[in-house]
>>> print(open('data_0.txt').read())   # compact mmCIF, C-alpha atoms
# COMPACT_ATOMS: atom_id res chain seq x y z
CA MET A 228 15.64 -23.10 10.47
CA LYS A 229 14.19 -23.06 6.99
CA SER A 230 11.94 -26.06 6.42
CA ASN A 231 13.44 -28.48 3.89
CA ALA A 232 9.99 -29.41 2.59
CA ASN A 233 9.04 -25.76 2.18
CA SER A 234 12.38 -24.91 0.59
CA LEU A 235 12.02 -27.67 -1.95
CA LYS A 236 8.55 -26.40 -2.72
CA HIS A 237 10.18 -23.27 -4.11
CA LEU A 238 11.89 -25.34 -6.76
CA THR A 239 8.61 -24.82 -8.61
CA MET A 240 10.32 -22.09 -10.55
CA GLY A 241 9.62 -23.73 -13.85
CA ARG A 242 11.63 -25.75 -16.30
CA ARG A 243 14.98 -24.42 -15.10
CA GLY A 244 14.19 -25.50 -11.58
CA PHE A 245 13.47 -29.00 -12.82
CA LEU A 246 16.75 -29.15 -14.68
CA VAL A 247 18.77 -27.85 -11.74
CA GLY A 248 16.96 -30.07 -9.28
CA THR A 249 17.32 -33.31 -11.19
CA ALA A 250 20.22 -33.11 -13.62
CA LEU A 251 22.91 -33.83 -11.07
CA GLY A 252 21.11 -37.02 -10.15
CA ILE A 253 20.90 -38.40 -13.66
CA GLY A 254 24.43 -38.16 -14.94
CA ALA A 255 23.86 -34.89 -16.80
CA GLY A 256 26.20 -34.41 -19.71
CA LEU A 257 27.46 -37.99 -19.71
CA SER A 258 28.36 -39.36 -23.10
CA THR A 259 26.82 -42.58 -24.31
CA HIS A 260 30.43 -43.52 -25.05
CA ALA A 261 31.48 -43.25 -21.42
CA ILE A 262 33.57 -46.39 -21.70
CA VAL A 263 36.33 -44.49 -23.46
CA SER A 264 39.28 -44.24 -21.11
CA THR A 265 40.40 -40.72 -20.29
CA ALA A 266 43.94 -41.82 -19.55
CA ASN A 267 45.09 -41.83 -23.17
CA GLU A 268 42.07 -40.33 -24.84
CA ASN A 269 43.84 -38.75 -27.78
CA GLU A 270 45.47 -42.03 -28.80
CA THR A 271 42.79 -44.56 -28.00
CA SER A 272 39.43 -42.87 -28.48
CA ASP A 273 38.99 -43.79 -32.13
CA LYS A 274 39.71 -47.46 -31.48
CA ALA A 275 37.50 -47.48 -28.41
CA LEU A 276 34.65 -45.87 -30.31
CA ASP A 277 34.99 -48.38 -33.12
CA LYS A 278 34.89 -51.24 -30.62
CA THR A 279 31.89 -49.71 -28.87
CA SER A 280 30.12 -49.42 -32.21
CA ASP A 281 30.83 -53.04 -33.08
CA ILE A 282 29.59 -54.28 -29.71
CA SER A 283 26.53 -52.06 -29.91
CA LEU A 284 25.63 -53.46 -33.32
CA ARG A 285 26.07 -57.00 -32.00
CA ASP A 286 23.69 -56.29 -29.14
CA GLN A 287 20.98 -54.29 -30.92
CA ASP A 288 18.52 -57.10 -30.23
CA LEU A 289 19.14 -57.04 -26.47
CA PRO A 290 15.83 -56.98 -24.54
CA PHE A 291 15.51 -54.70 -21.52
CA ILE A 292 13.52 -54.64 -18.32
CA GLY A 293 13.62 -51.21 -16.68
CA THR A 294 13.53 -51.72 -12.93
CA GLU A 295 13.39 -48.09 -11.68
CA GLU A 296 10.83 -46.26 -13.80
CA THR A 297 8.85 -43.53 -12.10
CA PHE A 298 5.28 -42.31 -12.36
CA SER A 299 3.06 -39.88 -10.51
CA THR A 300 -0.39 -38.36 -10.69
CA ARG A 301 -1.46 -34.75 -10.43
CA GLU A 302 -2.97 -35.51 -7.04
CA LEU A 303 0.30 -36.98 -5.81
CA MET A 304 2.29 -34.05 -7.19
CA VAL A 305 0.00 -31.62 -5.38
CA LEU A 306 0.40 -33.61 -2.15
CA ASN A 307 4.20 -33.51 -2.37
CA ASP A 308 4.57 -30.01 -3.89
CA ARG A 309 5.88 -31.36 -7.19
CA LEU A 310 3.65 -29.68 -9.76
CA PHE A 311 6.77 -28.27 -11.40
CA LEU A 312 7.32 -31.80 -12.74
CA GLU A 313 3.99 -31.87 -14.52
CA ASP A 314 5.45 -31.45 -18.02
CA THR A 315 8.13 -34.14 -17.67
CA GLY A 316 5.98 -37.12 -18.58
CA LEU A 317 5.89 -38.34 -15.00
CA ALA A 318 2.10 -38.69 -15.01
CA GLU A 319 1.84 -39.94 -18.60
CA LEU A 320 1.31 -43.70 -18.72
CA GLY A 321 0.14 -44.05 -22.29
CA PRO A 322 1.39 -43.37 -25.83
CA ARG A 323 4.15 -40.92 -24.88
CA ARG A 324 5.78 -43.36 -22.48
CA ILE A 325 5.23 -46.38 -24.71
CA GLY A 326 6.74 -44.47 -27.62
CA ALA A 327 9.86 -43.67 -25.60
CA MET A 328 10.09 -47.31 -24.53
CA ASP A 329 9.82 -48.52 -28.12
CA GLU A 330 12.43 -46.04 -29.33
CA ALA A 331 14.84 -47.16 -26.60
CA GLY A 332 14.06 -50.87 -26.93
CA ILE A 333 12.65 -51.21 -23.41
CA ASN A 334 10.41 -54.26 -23.31
CA VAL A 335 9.02 -53.74 -19.79
CA GLN A 336 8.96 -50.92 -17.26
CA ILE A 337 8.49 -51.71 -13.58
CA LEU A 338 6.60 -48.66 -12.34
CA SER A 339 7.01 -47.01 -8.94
CA ALA A 340 5.50 -43.87 -7.44
CA HIS A 341 7.64 -40.75 -7.35
CA THR A 342 9.40 -40.01 -4.07
CA PRO A 343 8.17 -39.65 -1.35
CA GLY A 344 4.98 -41.32 -2.57
CA VAL A 345 2.40 -41.43 0.22
CA GLN A 346 4.70 -42.66 2.96
CA ASN A 347 4.34 -39.43 4.95
CA VAL A 348 0.52 -39.50 4.91
CA LYS A 349 -0.90 -40.76 8.20
CA GLY A 350 -3.97 -42.79 9.05
CA LYS A 351 -6.74 -43.92 6.76
CA LYS A 352 -5.96 -41.17 4.26
CA GLY A 353 -2.54 -42.68 3.59
CA ILE A 354 -3.92 -46.22 3.40
CA ASP A 355 -6.64 -45.20 0.95
CA PHE A 356 -4.27 -43.11 -1.18
CA ALA A 357 -1.81 -46.00 -1.53
CA TYR A 358 -4.62 -48.35 -2.52
CA ARG A 359 -5.89 -45.94 -5.18
CA LEU A 360 -2.43 -45.44 -6.66
CA ASN A 361 -1.87 -49.18 -6.88
CA LYS A 362 -5.28 -49.79 -8.43
CA LEU A 363 -4.66 -46.96 -10.91
CA LEU A 364 -1.76 -48.94 -12.35
CA VAL A 365 -3.69 -52.19 -12.51
CA ASP A 366 -6.76 -50.69 -14.17
CA GLY A 367 -4.77 -48.27 -16.32
CA PRO A 368 -1.42 -48.96 -18.03
CA MET A 369 -1.11 -52.59 -16.94
CA ALA A 370 -4.51 -53.38 -18.47
CA THR A 371 -4.13 -51.14 -21.52
CA TYR A 372 -0.66 -52.39 -22.47
CA PRO A 373 -0.50 -56.03 -21.34
CA GLY A 374 3.03 -57.18 -20.63
CA ARG A 375 4.64 -53.75 -21.01
CA PHE A 376 4.19 -52.59 -17.43
CA LYS A 377 4.75 -54.22 -14.05
CA ALA A 378 4.77 -52.44 -10.70
CA PHE A 379 6.16 -52.01 -7.21
CA ALA A 380 3.51 -51.31 -4.60
CA THR A 381 3.13 -47.90 -3.04
CA LEU A 382 2.69 -48.36 0.72
CA PRO A 383 1.25 -46.24 3.56
CA LEU A 384 4.41 -46.61 5.60
CA GLN A 385 3.17 -44.54 8.53
CA ASN A 386 1.22 -47.73 9.29
CA PRO A 387 3.58 -50.73 8.93
CA GLU A 388 0.84 -53.33 9.53
CA ALA A 389 -1.37 -51.79 6.84
CA SER A 390 1.68 -51.61 4.58
CA ALA A 391 2.31 -55.32 5.03
CA ASP A 392 -1.33 -56.05 4.21
CA GLU A 393 -1.31 -53.82 1.12
CA LEU A 394 1.91 -55.42 -0.08
CA GLU A 395 0.35 -58.85 0.23
CA ARG A 396 -2.85 -57.73 -1.49
CA THR A 397 -1.02 -56.20 -4.45
CA VAL A 398 1.22 -59.24 -4.86
CA ARG A 399 -1.54 -61.84 -4.58
CA GLU A 400 -4.38 -60.00 -6.32
CA ASP A 401 -2.67 -57.73 -8.81
CA GLY A 402 0.63 -59.44 -9.59
CA PHE A 403 2.87 -56.70 -8.20
CA LEU A 404 6.56 -57.56 -7.89
CA GLY A 405 7.35 -56.09 -4.48
CA CYS A 406 7.33 -52.58 -3.05
CA LEU A 407 9.38 -49.41 -3.12
CA THR A 408 10.17 -47.15 -0.17
CA ASN A 409 11.66 -43.65 -0.31
CA GLY A 410 14.46 -42.90 2.09
CA ILE A 411 13.85 -42.26 5.74
CA ILE A 412 10.25 -42.76 6.90
CA GLY A 413 9.55 -39.89 9.26
CA LYS A 414 12.55 -40.28 11.52
CA LYS A 415 12.98 -44.03 11.16
CA PHE A 416 14.80 -46.35 8.79
CA LEU A 417 13.58 -49.81 7.88
CA ASP A 418 15.76 -51.35 10.60
CA HIS A 419 13.44 -49.85 13.23
CA PRO A 420 11.37 -52.49 15.07
CA ASP A 421 8.17 -50.78 13.89
CA PHE A 422 8.79 -52.12 10.39
CA GLU A 423 9.21 -55.77 11.36
CA PRO A 424 5.70 -56.62 10.06
CA LEU A 425 6.58 -55.30 6.59
CA LEU A 426 9.98 -56.99 6.46
CA ALA A 427 8.53 -60.30 7.60
CA ARG A 428 5.71 -60.12 5.06
CA ALA A 429 8.06 -59.29 2.17
CA GLU A 430 10.23 -62.24 3.14
CA ALA A 431 7.23 -64.56 3.42
CA LEU A 432 5.89 -63.42 0.04
CA ASP A 433 9.38 -63.79 -1.47
CA VAL A 434 9.28 -60.28 -2.99
CA PRO A 435 11.94 -57.56 -2.72
CA ILE A 436 11.88 -54.08 -1.25
CA TYR A 437 13.39 -51.39 -3.47
CA ILE A 438 14.92 -48.63 -1.33
CA HIS A 439 14.80 -45.40 -3.32
CA PRO A 440 16.22 -42.11 -1.99
CA GLY A 441 13.96 -39.62 -0.27
CA LEU A 442 14.06 -36.11 1.17
CA PRO A 443 16.14 -35.62 4.33
CA PRO A 444 14.31 -34.61 7.50
CA ASP A 445 14.39 -30.90 8.27
CA GLU A 446 16.89 -31.43 11.11
CA VAL A 447 19.29 -33.27 8.83
CA PHE A 448 18.83 -30.69 6.11
CA GLY A 449 19.61 -27.88 8.55
CA ILE A 450 22.76 -29.47 9.94
CA TYR A 451 24.25 -30.90 6.77
CA TYR A 452 23.07 -28.80 3.85
CA SER A 453 21.71 -25.34 4.75
CA ASN A 454 25.10 -23.64 4.95
CA MET A 455 25.11 -21.92 1.56
CA LEU A 456 25.53 -18.16 1.25
CA PRO A 457 22.16 -16.39 1.00
CA GLU A 458 23.03 -14.78 -2.33
CA TYR A 459 23.28 -18.22 -3.85
CA GLN A 460 19.92 -19.42 -2.59
CA LYS A 461 18.30 -18.39 -5.86
CA GLU A 462 20.21 -21.31 -7.37
CA PHE A 463 18.83 -23.73 -4.73
CA GLN A 464 22.27 -25.11 -4.06
CA ASP A 465 21.48 -26.51 -0.63
CA GLN A 466 18.34 -28.28 -1.80
CA VAL A 467 20.07 -29.92 -4.75
CA LEU A 468 23.06 -30.90 -2.60
CA SER A 469 20.71 -32.55 -0.13
CA ILE A 470 19.06 -34.71 -2.78
CA SER A 471 20.17 -35.64 -6.27
CA ALA A 472 23.70 -34.23 -6.22
CA TYR A 473 24.82 -36.07 -3.12
CA GLY A 474 22.67 -36.38 -0.02
CA TRP A 475 20.13 -38.99 -0.80
CA HIS A 476 22.63 -41.43 -2.29
CA GLN A 477 24.59 -41.46 0.95
CA GLU A 478 21.40 -41.86 2.97
CA VAL A 479 20.42 -45.02 1.09
CA VAL A 480 23.79 -46.61 1.80
CA THR A 481 23.48 -45.59 5.45
CA GLN A 482 20.08 -47.27 5.67
CA CYS A 483 21.44 -50.46 4.10
CA LEU A 484 24.40 -50.60 6.49
CA ARG A 485 22.07 -50.05 9.44
CA MET A 486 19.93 -52.96 8.28
CA ILE A 487 22.97 -55.22 8.26
CA THR A 488 24.39 -54.09 11.60
CA SER A 489 21.03 -54.25 13.37
CA GLY A 490 20.60 -57.89 12.38
CA VAL A 491 17.69 -57.45 9.95
CA PHE A 492 19.07 -60.14 7.65
CA ASP A 493 19.85 -62.51 10.49
CA ARG A 494 16.19 -62.29 11.49
CA HIS A 495 15.03 -62.36 7.85
CA PRO A 496 17.73 -64.25 5.93
CA LYS A 497 15.71 -64.50 2.71
CA LEU A 498 14.74 -60.82 2.57
CA GLN A 499 15.90 -59.11 -0.62
CA ILE A 500 16.69 -55.40 -0.96
CA ILE A 501 17.25 -53.49 -4.21
CA ILE A 502 19.14 -50.20 -4.45
CA GLY A 503 19.68 -48.11 -7.56
CA HIS A 504 22.04 -45.52 -9.03
CA MET A 505 24.88 -48.01 -9.51
CA GLY A 506 24.96 -48.82 -5.81
CA GLU A 507 24.45 -45.28 -4.47
CA GLY A 508 28.22 -44.87 -3.98
CA LEU A 509 28.65 -48.17 -2.12
CA PRO A 510 31.20 -49.63 -4.60
CA PHE A 511 33.58 -46.72 -3.94
CA PHE A 512 33.49 -47.37 -0.19
CA TYR A 513 33.10 -51.14 -0.37
CA GLU A 514 36.56 -52.25 0.75
CA ARG A 515 36.78 -49.74 3.57
CA ILE A 516 33.27 -50.48 4.83
CA VAL A 517 33.91 -54.23 4.81
CA GLU A 518 37.30 -53.87 6.48
CA LYS A 519 36.15 -51.58 9.27
CA MET A 520 32.72 -53.07 9.92
CA SER A 521 34.01 -56.64 9.89
CA GLU A 522 36.23 -55.80 12.86
CA VAL A 523 33.31 -54.70 15.03
CA THR A 524 30.53 -57.07 13.94
CA GLU A 525 32.32 -60.41 13.97
CA LYS A 526 30.65 -61.46 17.23
CA SER A 527 27.27 -59.83 16.66
CA LEU A 528 26.28 -61.05 13.19
CA ASP A 529 25.62 -64.54 11.91
CA LYS A 530 27.72 -64.05 8.77
CA PRO A 531 30.82 -62.13 7.69
CA PHE A 532 29.78 -58.54 7.08
CA GLU A 533 30.39 -58.54 3.34
CA GLN A 534 28.30 -61.69 2.82
CA TYR A 535 25.07 -59.76 3.30
CA PHE A 536 25.80 -57.68 0.20
CA HIS A 537 25.96 -60.89 -1.82
CA ASP A 538 23.02 -62.68 -0.21
CA ASN A 539 20.48 -59.91 0.40
CA PHE A 540 21.13 -57.03 -2.03
CA TRP A 541 20.53 -56.29 -5.69
CA PHE A 542 21.83 -53.26 -7.56
CA THR A 543 20.52 -51.34 -10.56
CA THR A 544 22.19 -49.05 -13.08
CA SER A 545 19.50 -46.35 -12.92
CA ALA A 546 20.60 -42.94 -14.24
CA PHE A 547 24.32 -43.74 -14.23
CA PRO A 548 25.35 -44.69 -17.79
CA GLN A 549 29.05 -44.79 -16.90
CA THR A 550 31.01 -47.91 -17.67
CA GLU A 551 33.76 -47.16 -15.17
CA LEU A 552 31.13 -47.21 -12.42
CA LEU A 553 29.63 -50.43 -13.72
CA ASP A 554 33.11 -51.95 -13.78
CA LEU A 555 33.64 -50.90 -10.17
CA LEU A 556 30.30 -52.34 -9.10
CA LEU A 557 31.08 -55.62 -10.85
CA LYS A 558 34.47 -55.75 -9.13
CA TYR A 559 32.68 -56.37 -5.84
CA ILE A 560 29.18 -57.59 -6.73
CA SER A 561 28.33 -60.61 -8.86
CA VAL A 562 26.91 -59.91 -12.30
CA ASP A 563 24.05 -62.15 -11.17
CA ARG A 564 22.85 -59.38 -8.82
CA VAL A 565 22.92 -56.35 -11.11
CA MET A 566 19.88 -55.17 -13.08
CA PHE A 567 19.23 -52.54 -15.71
CA ALA A 568 17.18 -49.41 -14.97
CA THR A 569 16.82 -45.96 -16.49
CA ASP A 570 15.22 -43.66 -13.88
CA TYR A 571 12.72 -42.41 -16.45
CA PRO A 572 11.57 -39.65 -16.88
CA PHE A 573 14.55 -38.09 -15.08
CA ALA A 574 16.90 -39.83 -17.48
CA ASN A 575 16.53 -40.50 -21.17
CA MET A 576 15.69 -44.14 -21.84
CA LYS A 577 17.45 -44.30 -25.20
CA THR A 578 20.63 -42.79 -23.76
CA GLN A 579 20.68 -45.56 -21.19
CA THR A 580 20.04 -48.44 -23.60
CA ASP A 581 22.44 -47.06 -26.23
CA TRP A 582 25.13 -46.85 -23.56
CA PHE A 583 24.56 -50.38 -22.29
CA ARG A 584 24.49 -51.92 -25.77
CA GLY A 585 28.01 -50.57 -26.27
CA VAL A 586 29.42 -51.81 -22.96
CA ASP A 587 32.25 -54.30 -23.46
CA LEU A 588 30.98 -57.31 -21.54
CA PRO A 589 30.31 -60.85 -22.71
CA ARG A 590 26.85 -61.27 -24.21
CA GLU A 591 25.82 -63.63 -21.40
CA ALA A 592 26.70 -61.04 -18.75
CA LYS A 593 24.85 -58.29 -20.61
CA GLU A 594 21.74 -60.43 -20.92
CA LYS A 595 21.81 -61.04 -17.17
CA ILE A 596 21.94 -57.32 -16.42
CA ALA A 597 19.53 -56.27 -19.15
CA PHE A 598 16.73 -58.69 -18.34
CA ARG A 599 17.58 -62.18 -17.12
CA ASN A 600 18.36 -61.23 -13.50
CA ALA A 601 15.07 -59.34 -13.28
CA GLU A 602 13.25 -62.34 -14.73
CA LYS A 603 14.80 -64.52 -12.04
CA LEU A 604 14.21 -62.17 -9.11
CA PHE A 605 10.64 -61.24 -10.05
CA GLY A 606 9.53 -64.55 -11.51
CA MET A 607 8.59 -62.96 -14.83
CA LYS A 608 9.42 -63.61 -18.46
CA VAL A 609 10.25 -61.30 -21.34
CA SER A 610 9.79 -62.63 -24.81
CA VAL A 611 13.08 -62.57 -26.73
CA LYS A 612 12.92 -62.09 -30.50
>>> encode(input="data_0.txt", output="structure tokens")
Amino acid sequence: MKSNANSLKHLTMGRRGFLVGTALGIGAGLSTHAIVSTANENETSDKALDKTSDISLRDQDLPFIGTEETFSTRELMVLNDRLFLEDTGLAELGPRRIGAMDEAGINVQILSAHTPGVQNVKGKKGIDFAYRLNKLLVDGPMATYPGRFKAFATLPLQNPEASADELERTVREDGFLGCLTNGIIGKKFLDHPDFEPLLARAEALDVPIYIHPGLPPDEVFGIYYSNMLPEYQKEFQDQVLSISAYGWHQEVVTQCLRMITSGVFDRHPKLQIIIGHMGEGLPFFYERIVEKMSEVTEKSLDKPFEQYFHDNFWFTTSAFPQTELLDLLLKYISVDRVMFATDYPFANMKTQTDWFRGVDLPREAKEKIAFRNAEKLFGMKVSVK
């Protein structure tokens, strides 16, 4: 079997590899006017565009907190075989990023390390690497641009106890807002008993865990994704299918459902989990999941199955500037639990803010998504002009 990690390493084919490997995960080709209905496009598009323009003008002053905004360092890229991303702005935490934020109208970015971070690094090396990455943010962009950057902690997840301690240190000493994990950790999800120390500490600190997608294990990659014809391998179809096009979105939902069914939130009722990409496909499956899982968990869980989505989960819009998907998410999830995000640098910040300014929602609802829900969850404040 071809190693997934080694296969993905060969995406270092330059700029084209970056575009192929990430575009499908960021809504490539989506219009900022995605709210226009396709049902009667020829008849209604002009009116819809006019309405979008009017709403956008009304909401030009809307502040934004970006809740999924990625960074890396050259050292981290080398560790994870991601040097092909070096020219994307991933490691730039100064004028280039601030300029893009100003152009888009992003008041604050909440920074998180690029997947898979250091969660696969064992022992003291992983613990030290996580500490250095966290301190880099504190001593670098957070100090240089006060108020413009916040952060989720990078954790050495091969050591759950050390992860819990580093989470607490970053929250108490450095003002971090929580932590971010990247998909499956080795061969375990967060519902595994090994991670109880981290879950308990996050709950005690009253800070959320953001579950970001990660690379599938080699076994999963081999079974689910490595079935493409060899002549198409030059296009890296199986690698892209396993990550941004499809695979990692489904894996995040799987992890969340496992956390519910295994009783994580019965043991930790105040624990809060964030997932991105407009719910990682969950809204599409919501009714069926609730219907089927309710039948088999009624006697094993403390609450109705669907209640955990409303009590323990938050959702961000990262990289999916599509109003029909936002509408579907809001059909099932309260507007009080949805937050704005861009997925920078893998998505254009201005495209995301331009899209959201034109979304036809009441101003109060848009303020909640754009910044007020993040203020509430993270205990922070953005100054409104």
>>> closest_atom_pairs(input="data_0.txt", of="segment 532-609 of chain A", to="segment 366-379 of chain A", cutoff="12 Å", atoms="only C-alpha atoms", output="JSON lines")
{"residue": "A:Ala601", "atom": "CA", "partner": "A:Lys377", "partner_atom": "CA", "distance": 11.5}
{"residue": "A:Glu602", "atom": "CA", "partner": "A:Lys377", "partner_atom": "CA", "distance": 11.8}
{"residue": "A:Phe605", "atom": "CA", "partner": "A:Lys377", "partner_atom": "CA", "distance": 10.0}
{"residue": "A:Gly606", "atom": "CA", "partner": "A:Lys377", "partner_atom": "CA", "distance": 11.7}
{"residue": "A:Met607", "atom": "CA", "partner": "A:Lys377", "partner_atom": "CA", "distance": 9.6}
{"residue": "A:Lys608", "atom": "CA", "partner": "A:Gly374", "partner_atom": "CA", "distance": 9.3}
{"residue": "A:Val609", "atom": "CA", "partner": "A:Gly374", "partner_atom": "CA", "distance": 8.3}
>>> closest_residue(input="data_0.txt", among="A:Gly410, A:Gly293, A:Gly332, A:Pro572", to="Arg584 of chain A", atoms="all atoms listed in the file")
A:Gly332
>>> residues_around(input="data_0.txt", residues="Glu313 of chain A", least_positions_apart="4", cutoff="8 Å", atoms="only C-alpha atoms", output="list in words")
Arg301, Met304, Arg309, Leu317 and Ala318 of chain A
>>> residues_around(input="data_0.txt", residues="Glu594 of chain A", least_positions_apart="4", cutoff="10 Å", atoms="only C-alpha atoms", output="list in words")
Asp286, Leu289, Pro290, Phe291, Met566, Phe567, Leu588, Pro589, Arg590, Phe598, Arg599 and Asn600 of chain A
>>> closest_residue(input="data_0.txt", among="A:Asp418, A:Glu395, A:Glu446, A:Asp273", to="Asp433 of chain A", atoms="only C-alpha atoms")
A:Glu395
>>> atom_distance(input="data_0.txt", atom1="atom CA of Val517 of chain A", atom2="atom CA of Ile487 of chain A")
11.5 Å
>>> atom_distance(input="data_0.txt", atom1="atom CA of Pro444 of chain A", atom2="atom CA of Val479 of chain A")
13.7 Å
>>> build_atoms(input="data_0.txt", residues="segment 430-445 of chain A", atoms="N, CA and C atoms", output="PDB file, in the frame of the given file")
ATOM      1  N   GLU A 430       9.480 -60.986   3.158  1.00  0.00           N
ATOM      2  CA  GLU A 430      10.230 -62.240   3.140  1.00  0.00           C
ATOM      3  C   GLU A 430       9.306 -63.426   2.906  1.00  0.00           C
ATOM      4  N   ALA A 431       8.167 -63.443   3.566  1.00  0.00           N
ATOM      5  CA  ALA A 431       7.230 -64.560   3.420  1.00  0.00           C
ATOM      6  C   ALA A 431       6.660 -64.629   2.011  1.00  0.00           C
ATOM      7  N   LEU A 432       6.430 -63.467   1.409  1.00  0.00           N
ATOM      8  CA  LEU A 432       5.890 -63.420   0.040  1.00  0.00           C
ATOM      9  C   LEU A 432       6.973 -63.658  -1.000  1.00  0.00           C
ATOM     10  N   ASP A 433       8.232 -63.622  -0.577  1.00  0.00           N
ATOM     11  CA  ASP A 433       9.380 -63.790  -1.470  1.00  0.00           C
ATOM     12  C   ASP A 433       9.400 -62.681  -2.539  1.00  0.00           C
ATOM     13  N   VAL A 434       9.196 -61.431  -2.088  1.00  0.00           N
ATOM     14  CA  VAL A 434       9.280 -60.280  -2.990  1.00  0.00           C
ATOM     15  C   VAL A 434      10.244 -59.256  -2.382  1.00  0.00           C
ATOM     16  N   PRO A 435      10.945 -58.503  -3.221  1.00  0.00           N
ATOM     17  CA  PRO A 435      11.940 -57.560  -2.720  1.00  0.00           C
ATOM     18  C   PRO A 435      11.359 -56.213  -2.332  1.00  0.00           C
ATOM     19  N   ILE A 436      12.154 -55.471  -1.571  1.00  0.00           N
ATOM     20  CA  ILE A 436      11.880 -54.080  -1.250  1.00  0.00           C
ATOM     21  C   ILE A 436      12.932 -53.231  -1.958  1.00  0.00           C
ATOM     22  N   TYR A 437      12.484 -52.315  -2.794  1.00  0.00           N
ATOM     23  CA  TYR A 437      13.390 -51.390  -3.470  1.00  0.00           C
ATOM     24  C   TYR A 437      13.504 -50.142  -2.598  1.00  0.00           C
ATOM     25  N   ILE A 438      14.710 -49.837  -2.127  1.00  0.00           N
ATOM     26  CA  ILE A 438      14.920 -48.630  -1.330  1.00  0.00           C
ATOM     27  C   ILE A 438      15.387 -47.508  -2.255  1.00  0.00           C
ATOM     28  N   HIS A 439      14.491 -46.562  -2.496  1.00  0.00           N
ATOM     29  CA  HIS A 439      14.800 -45.400  -3.320  1.00  0.00           C
ATOM     30  C   HIS A 439      15.127 -44.224  -2.393  1.00  0.00           C
ATOM     31  N   PRO A 440      15.945 -43.275  -2.841  1.00  0.00           N
ATOM     32  CA  PRO A 440      16.220 -42.110  -1.990  1.00  0.00           C
ATOM     33  C   PRO A 440      14.979 -41.281  -1.704  1.00  0.00           C
ATOM     34  N   GLY A 441      15.042 -40.527  -0.625  1.00  0.00           N
ATOM     35  CA  GLY A 441      13.960 -39.620  -0.270  1.00  0.00           C
ATOM     36  C   GLY A 441      14.521 -38.320   0.285  1.00  0.00           C
ATOM     37  N   LEU A 442      13.642 -37.403   0.642  1.00  0.00           N
ATOM     38  CA  LEU A 442      14.060 -36.110   1.170  1.00  0.00           C
ATOM     39  C   LEU A 442      14.576 -36.255   2.597  1.00  0.00           C
ATOM     40  N   PRO A 443      15.652 -35.553   2.950  1.00  0.00           N
ATOM     41  CA  PRO A 443      16.140 -35.620   4.330  1.00  0.00           C
ATOM     42  C   PRO A 443      15.183 -34.900   5.276  1.00  0.00           C
ATOM     43  N   PRO A 444      15.105 -35.344   6.507  1.00  0.00           N
ATOM     44  CA  PRO A 444      14.310 -34.610   7.500  1.00  0.00           C
ATOM     45  C   PRO A 444      14.847 -33.186   7.666  1.00  0.00           C
ATOM     46  N   ASP A 445      13.994 -32.298   8.134  1.00  0.00           N
ATOM     47  CA  ASP A 445      14.390 -30.900   8.270  1.00  0.00           C
ATOM     48  C   ASP A 445      15.633 -30.735   9.150  1.00  0.00           C
TER      49      ASP A 445
END
